[in-house]
>>> print(open('work-v1.txt').read())   # compact mmCIF, C-alpha atoms and all ligand atoms
# COMPACT_ATOMS: atom_id res chain seq x y z
CA MET A 13 -22.40 -31.57 7.02
CA ALA A 14 -22.68 -31.95 10.76
CA LYS A 15 -20.56 -34.39 12.66
CA ALA A 16 -19.76 -37.07 10.18
CA ARG A 17 -20.37 -39.96 12.46
CA LYS A 18 -19.44 -43.44 11.62
CA ARG A 19 -22.08 -43.82 8.97
CA LYS A 20 -21.15 -46.51 6.55
CA ASN A 21 -17.76 -45.35 5.53
CA THR A 22 -15.92 -48.46 6.45
CA ALA A 23 -18.58 -50.69 4.96
CA ARG A 24 -18.58 -48.80 1.73
CA ALA A 25 -14.88 -48.15 1.55
CA ARG A 26 -14.47 -51.04 -0.81
CA ALA A 27 -17.89 -51.01 -2.34
CA GLY A 28 -17.38 -48.17 -4.78
CA SER A 29 -15.76 -50.05 -7.60
CA SER A 30 -19.05 -50.91 -9.24
CA SER A 31 -20.18 -47.30 -9.42
CA LYS A 32 -17.38 -45.78 -11.41
CA ARG A 33 -19.11 -42.84 -12.97
CA SER A 34 -22.30 -42.43 -11.01
CA SER A 35 -21.49 -38.96 -9.76
CA ARG A 36 -25.09 -37.88 -9.59
CA GLY A 37 -25.16 -37.66 -5.84
CA SER A 38 -28.04 -40.05 -5.37
CA SER A 39 -26.45 -41.47 -2.24
CA PRO A 40 -23.62 -40.41 0.06
CA ARG A 41 -21.36 -42.98 -1.51
CA ALA A 42 -21.65 -41.19 -4.84
CA GLN A 43 -19.77 -38.18 -3.50
CA ASP A 44 -16.39 -37.89 -5.13
CA ALA A 45 -13.34 -36.19 -3.63
CA ILE A 46 -14.18 -32.75 -4.96
CA GLY A 47 -17.83 -33.02 -3.93
CA LEU A 48 -16.81 -33.93 -0.41
CA LEU A 49 -14.26 -31.13 -0.10
CA LYS A 50 -16.67 -28.56 -1.52
CA ALA A 51 -19.35 -29.64 0.94
CA ASP A 52 -16.87 -29.01 3.75
CA HIS A 53 -16.22 -25.54 2.36
CA ARG A 54 -19.95 -24.73 2.29
CA GLN A 55 -20.42 -25.91 5.86
CA VAL A 56 -17.62 -23.75 7.20
CA GLU A 57 -18.79 -20.73 5.19
CA GLN A 58 -22.20 -21.11 6.79
CA TRP A 59 -20.70 -21.16 10.28
CA PHE A 60 -18.55 -18.10 9.52
CA GLY A 61 -21.70 -16.29 8.37
CA GLU A 62 -23.51 -17.25 11.55
CA PHE A 63 -20.55 -16.08 13.62
CA GLU A 64 -20.79 -12.63 12.07
CA SER A 65 -24.32 -12.14 13.33
CA ALA A 66 -23.88 -14.01 16.61
CA ARG A 67 -24.40 -11.91 19.73
CA SER A 68 -23.76 -14.12 22.71
CA ASP A 69 -20.37 -15.34 23.78
CA SER A 70 -21.62 -18.90 24.09
CA ARG A 71 -22.91 -18.92 20.52
CA LYS A 72 -19.63 -17.44 19.28
CA GLN A 73 -17.70 -20.06 21.21
CA THR A 74 -19.77 -22.91 19.78
CA LEU A 75 -19.37 -21.67 16.24
CA ALA A 76 -15.65 -21.03 16.61
CA THR A 77 -15.17 -24.51 18.05
CA ASN A 78 -17.08 -26.05 15.14
CA ILE A 79 -15.15 -24.01 12.59
CA CYS A 80 -11.75 -24.84 14.06
CA LYS A 81 -12.49 -28.55 14.34
CA ALA A 82 -13.89 -28.78 10.83
CA LEU A 83 -10.99 -26.86 9.33
CA LYS A 84 -8.39 -28.94 11.13
CA VAL A 85 -9.94 -32.15 9.85
CA HIS A 86 -10.45 -30.71 6.37
CA THR A 87 -6.89 -29.46 5.98
CA GLN A 88 -5.53 -32.72 7.34
CA ILE A 89 -7.43 -34.95 4.94
CA GLU A 90 -6.47 -32.69 2.05
CA GLU A 91 -2.82 -32.85 3.03
CA GLU A 92 -2.78 -36.56 3.68
CA ILE A 93 -4.85 -37.74 0.76
CA PHE A 94 -5.99 -35.22 -1.84
CA TYR A 95 -3.01 -32.90 -2.22
CA PRO A 96 -0.41 -35.66 -2.71
CA ALA A 97 -2.66 -37.34 -5.27
CA PHE A 98 -3.15 -33.99 -7.01
CA LEU A 99 0.57 -33.28 -7.11
CA GLU A 100 1.35 -36.71 -8.43
CA ALA A 101 -1.29 -36.55 -11.16
CA THR A 102 -0.73 -32.96 -12.30
CA GLU A 103 2.80 -32.00 -11.21
CA GLU A 104 1.33 -28.56 -10.48
CA GLU A 105 3.87 -27.65 -7.83
CA ASP A 106 3.02 -23.96 -7.54
CA ILE A 107 -0.66 -24.59 -6.89
CA HIS A 108 0.10 -27.43 -4.49
CA HIS A 109 2.77 -25.60 -2.50
CA GLU A 110 0.79 -22.39 -2.19
CA ALA A 111 -2.17 -24.35 -0.89
CA GLU A 112 -0.02 -26.01 1.76
CA VAL A 113 1.48 -22.69 2.84
CA GLU A 114 -2.02 -21.23 3.12
CA HIS A 115 -3.03 -24.18 5.27
CA ALA A 116 -0.09 -23.51 7.57
CA GLY A 117 -1.16 -19.89 7.98
CA ALA A 118 -4.72 -20.91 8.75
CA LYS A 119 -3.59 -23.51 11.27
CA ASN A 120 -1.57 -20.92 13.11
CA LEU A 121 -4.63 -18.72 13.50
CA ILE A 122 -6.81 -21.71 14.42
CA ALA A 123 -4.41 -22.52 17.25
CA GLN A 124 -4.66 -18.92 18.48
CA ILE A 125 -8.45 -19.05 18.40
CA GLU A 126 -8.51 -22.36 20.23
CA ALA A 127 -6.22 -20.91 22.89
CA SER A 128 -8.50 -17.93 23.50
CA ASP A 129 -12.20 -17.35 24.00
CA PRO A 130 -14.89 -14.76 23.26
CA GLY A 131 -13.82 -12.81 26.34
CA ASP A 132 -10.54 -12.04 24.58
CA GLU A 133 -10.55 -8.59 23.02
CA TYR A 134 -9.08 -10.02 19.81
CA PHE A 135 -11.28 -13.11 19.52
CA ASP A 136 -13.71 -11.71 16.93
CA ALA A 137 -10.86 -10.22 14.92
CA LYS A 138 -9.11 -13.57 14.80
CA VAL A 139 -12.21 -15.39 13.60
CA THR A 140 -12.86 -12.67 11.02
CA VAL A 141 -9.33 -12.85 9.66
CA LEU A 142 -9.51 -16.65 9.57
CA SER A 143 -12.72 -16.33 7.59
CA GLU A 144 -10.99 -14.07 5.07
CA MET A 145 -8.02 -16.40 4.77
CA ILE A 146 -10.28 -19.38 4.18
CA LYS A 147 -12.38 -17.48 1.66
CA HIS A 148 -9.25 -16.75 -0.34
CA HIS A 149 -8.01 -20.32 -0.05
CA VAL A 150 -11.34 -21.85 -1.06
CA LYS A 151 -11.44 -19.56 -4.08
CA GLU A 152 -8.00 -20.78 -5.11
CA GLU A 153 -9.20 -24.36 -4.85
CA GLU A 154 -12.54 -23.88 -6.58
CA GLN A 155 -11.99 -21.18 -9.21
CA SER A 156 -11.70 -22.02 -12.86
CA GLY A 157 -8.15 -23.07 -13.58
CA GLY A 158 -7.67 -23.75 -9.88
CA MET A 159 -6.76 -26.93 -8.08
CA PHE A 160 -10.12 -28.69 -8.34
CA ALA A 161 -10.57 -27.81 -11.99
CA LYS A 162 -7.12 -29.16 -12.79
CA ALA A 163 -7.84 -32.26 -10.74
CA ARG A 164 -10.96 -32.89 -12.82
CA GLN A 165 -8.93 -32.62 -16.01
CA ALA A 166 -6.24 -34.92 -14.72
CA ASP A 167 -6.28 -38.66 -14.51
CA MET A 168 -7.27 -38.90 -10.87
CA ASP A 169 -9.50 -41.49 -9.26
CA LEU A 170 -11.80 -38.93 -7.67
CA LYS A 171 -14.28 -41.58 -6.67
CA GLY A 172 -11.74 -43.68 -4.83
CA LEU A 173 -10.18 -40.59 -3.27
CA GLY A 174 -13.62 -39.50 -2.13
CA GLU A 175 -14.02 -42.77 -0.28
CA GLN A 176 -10.61 -42.43 1.33
CA LEU A 177 -11.35 -38.83 2.36
CA ALA A 178 -14.72 -39.78 3.84
CA ALA A 179 -13.25 -42.66 5.84
CA ARG A 180 -10.36 -40.58 7.17
CA LYS A 181 -12.65 -37.67 7.96
CA ALA A 182 -14.96 -39.90 9.98
CA GLN A 183 -11.97 -41.25 11.87
CA LEU A 184 -10.65 -37.78 12.71
CA MET A 185 -14.06 -36.41 13.67
CA ASN A 186 -14.30 -39.27 16.12
CA GLY A 187 -10.93 -38.35 17.55
CA GLU A 188 -9.13 -41.43 16.34
CA GLU A 189 -6.05 -39.42 15.53
CA ARG A 190 -3.60 -42.21 15.98
CA ASP A 191 -5.53 -44.88 14.20
CA GLY A 192 -4.95 -43.99 10.60
CA ASN A 193 -2.09 -45.34 8.61
CA SER A 194 -1.80 -42.04 6.84
CA VAL A 195 -0.86 -40.14 9.96
CA GLY A 196 2.18 -42.25 10.53
CA ARG A 197 3.02 -42.24 6.87
CA ARG A 198 3.03 -38.50 6.52
CA SER A 199 3.37 -36.86 9.87
CA ARG A 200 3.46 -33.42 8.38
CA SER A 201 0.07 -32.00 9.12
CA SER A 202 1.31 -29.26 11.39
CA SER A 203 4.72 -28.68 9.94
CA VAL A 204 3.95 -28.00 6.36
CA VAL A 205 5.92 -24.82 6.17
CA SER A 206 9.12 -26.47 7.25
CA ASN A 207 8.75 -28.81 4.31
CA VAL A 208 8.28 -26.01 1.88
CA ARG A 209 11.17 -24.02 0.62
FE FE A 301 -10.37 -27.22 0.85
FE FE A 302 -7.21 -26.56 1.25
>>> encode(input="work-v1.txt", output="structure tokens")
Amino acid sequence: MAKARKRKNTARARAGSSSKRSSRGSSPRAQDAIGLLKADHRQVEQWFGEFESARSDSRKQTLATNICKALKVHTQIEEEIFYPAFLEATEEEDIHHEAEVEHAGAKNLIAQIEASDPGDEYFDAKVTVLSEMIKHHVKEEEQSGGMFAKARQADMDLKGLGEQLAARKAQLMNGEERDGNSVGRRSRSSSVVSNVR
């Protein structure tokens, strides 16, 4: 998924109620929360793969910038919207807390990558280690018995959450960091670890 521009998220934010179970993916609005989050995972995996074979510094920089931006938005919408809903519905504290701690580790490395550039001797190593961390984290979310599987079993409104995630994602991709209610409500996106004992 390239830059999720404004599309029709706001227009369709309230329009999903009539399509309760149409998760066949016939239109973007049919994407539920898990479909949206998995699509993000696939996009970032593709960029990590391209980074591995990239030769020029400018290509590496572009890919690293894309990866960091996408991961920051992805982790933020998970933490603001999906994870709290998951915890509330399943009470799976171990899975939830481990995911948040993994996010915190990834964000630390993302900040280091953003503060450096391909001229830095450690730049490639940082991107490679981030790739490994994310691979592990995505597996935890997607594997059988993992977070997404448990979310599917639980009584969660995945359709409605998908709409919320899409709207918030579009906002963040457009740099409207301060616009969302959720940010003010849970200003914890970069201090997860301090909330975790
Ligand atoms: Fe994820
Ligand atoms: Fe995650």
>>> residues_near_ligand(input="work-v1.txt", ligand="ligand FE 302 (chain A)", cutoff="12 Å", atoms="all atoms listed in the file", output="number ranges by chain")
A: 46, 49-50, 52-53, 82-95, 98, 107-119, 145-154, 158-160
>>> axis_aligned_box(input="work-v1.txt", around="range 130-139 of chain A", padding_each_side="8 Å", output="lines of an AutoDock Vina configuration file")
center_x = -12.0
center_y = -12.0
center_z = 20.0
size_x = 21.8
size_y = 22.8
size_z = 28.7
>>> atom_distance(input="work-v1.txt", atom1="CA of Val56 in chain A", atom2="CA of Leu99 in chain A")
25.0 Å
>>> atom_distance(input="work-v1.txt", atom1="CA of Leu48 in chain A", atom2="CA of Lys81 in chain A")
16.3 Å
>>> residues_around(input="work-v1.txt", residues="Pro130 in chain A", least_positions_apart="3", cutoff="8 Å", atoms="only C-alpha atoms", output="list of chain:residue names")
A:Asp69, A:Ser70, A:Lys72, A:Gln73, A:Glu133, A:Phe135, A:Asp136
>>> atom_distance(input="work-v1.txt", atom1="CA of Gln58 in chain A", atom2="CA of Lys162 in chain A")
26.0 Å
>>> closest_residue(input="work-v1.txt", among="A:Arg54, A:Arg71, A:Lys138, A:Lys171", to="ligand FE 301 (chain A)", atoms="only C-alpha atoms and all ligand atoms")
A:Arg54
>>> residues_near_point(input="work-v1.txt", point="(-10.2, -40.9, 3.1)", cutoff="9 Å", atoms="all atoms listed in the file", output="PDB file with C-alpha atoms, in the coordinates of the input")
ATOM      1  CA  ALA A  25     -14.880 -48.150   1.550  1.00  0.00           C
ATOM      2  CA  ALA A  45     -13.340 -36.190  -3.630  1.00  0.00           C
ATOM      3  CA  ILE A  89      -7.430 -34.950   4.940  1.00  0.00           C
ATOM      4  CA  GLU A  92      -2.780 -36.560   3.680  1.00  0.00           C
ATOM      5  CA  ILE A  93      -4.850 -37.740   0.760  1.00  0.00           C
ATOM      6  CA  PHE A  94      -5.990 -35.220  -1.840  1.00  0.00           C
ATOM      7  CA  GLY A 172     -11.740 -43.680  -4.830  1.00  0.00           C
ATOM      8  CA  LEU A 173     -10.180 -40.590  -3.270  1.00  0.00           C
ATOM      9  CA  GLY A 174     -13.620 -39.500  -2.130  1.00  0.00           C
ATOM     10  CA  GLU A 175     -14.020 -42.770  -0.280  1.00  0.00           C
ATOM     11  CA  GLN A 176     -10.610 -42.430   1.330  1.00  0.00           C
ATOM     12  CA  LEU A 177     -11.350 -38.830   2.360  1.00  0.00           C
ATOM     13  CA  ALA A 178     -14.720 -39.780   3.840  1.00  0.00           C
ATOM     14  CA  ALA A 179     -13.250 -42.660   5.840  1.00  0.00           C
ATOM     15  CA  ARG A 180     -10.360 -40.580   7.170  1.00  0.00           C
ATOM     16  CA  LYS A 181     -12.650 -37.670   7.960  1.00  0.00           C
ATOM     17  CA  ALA A 182     -14.960 -39.900   9.980  1.00  0.00           C
ATOM     18  CA  GLN A 183     -11.970 -41.250  11.870  1.00  0.00           C
TER      19      GLN A 183
END
>>> closest_residue(input="work-v1.txt", among="A:Gly187, A:Gln155, A:Ala137, A:Leu121", to="ligand FE 301 (chain A)", atoms="only C-alpha atoms and all ligand atoms")
A:Gln155
>>> closest_residue(input="work-v1.txt", among="A:Thr102, A:Gln55, A:Gln43, A:Gln124", to="Ala166 in chain A", atoms="only C-alpha atoms")
A:Thr102
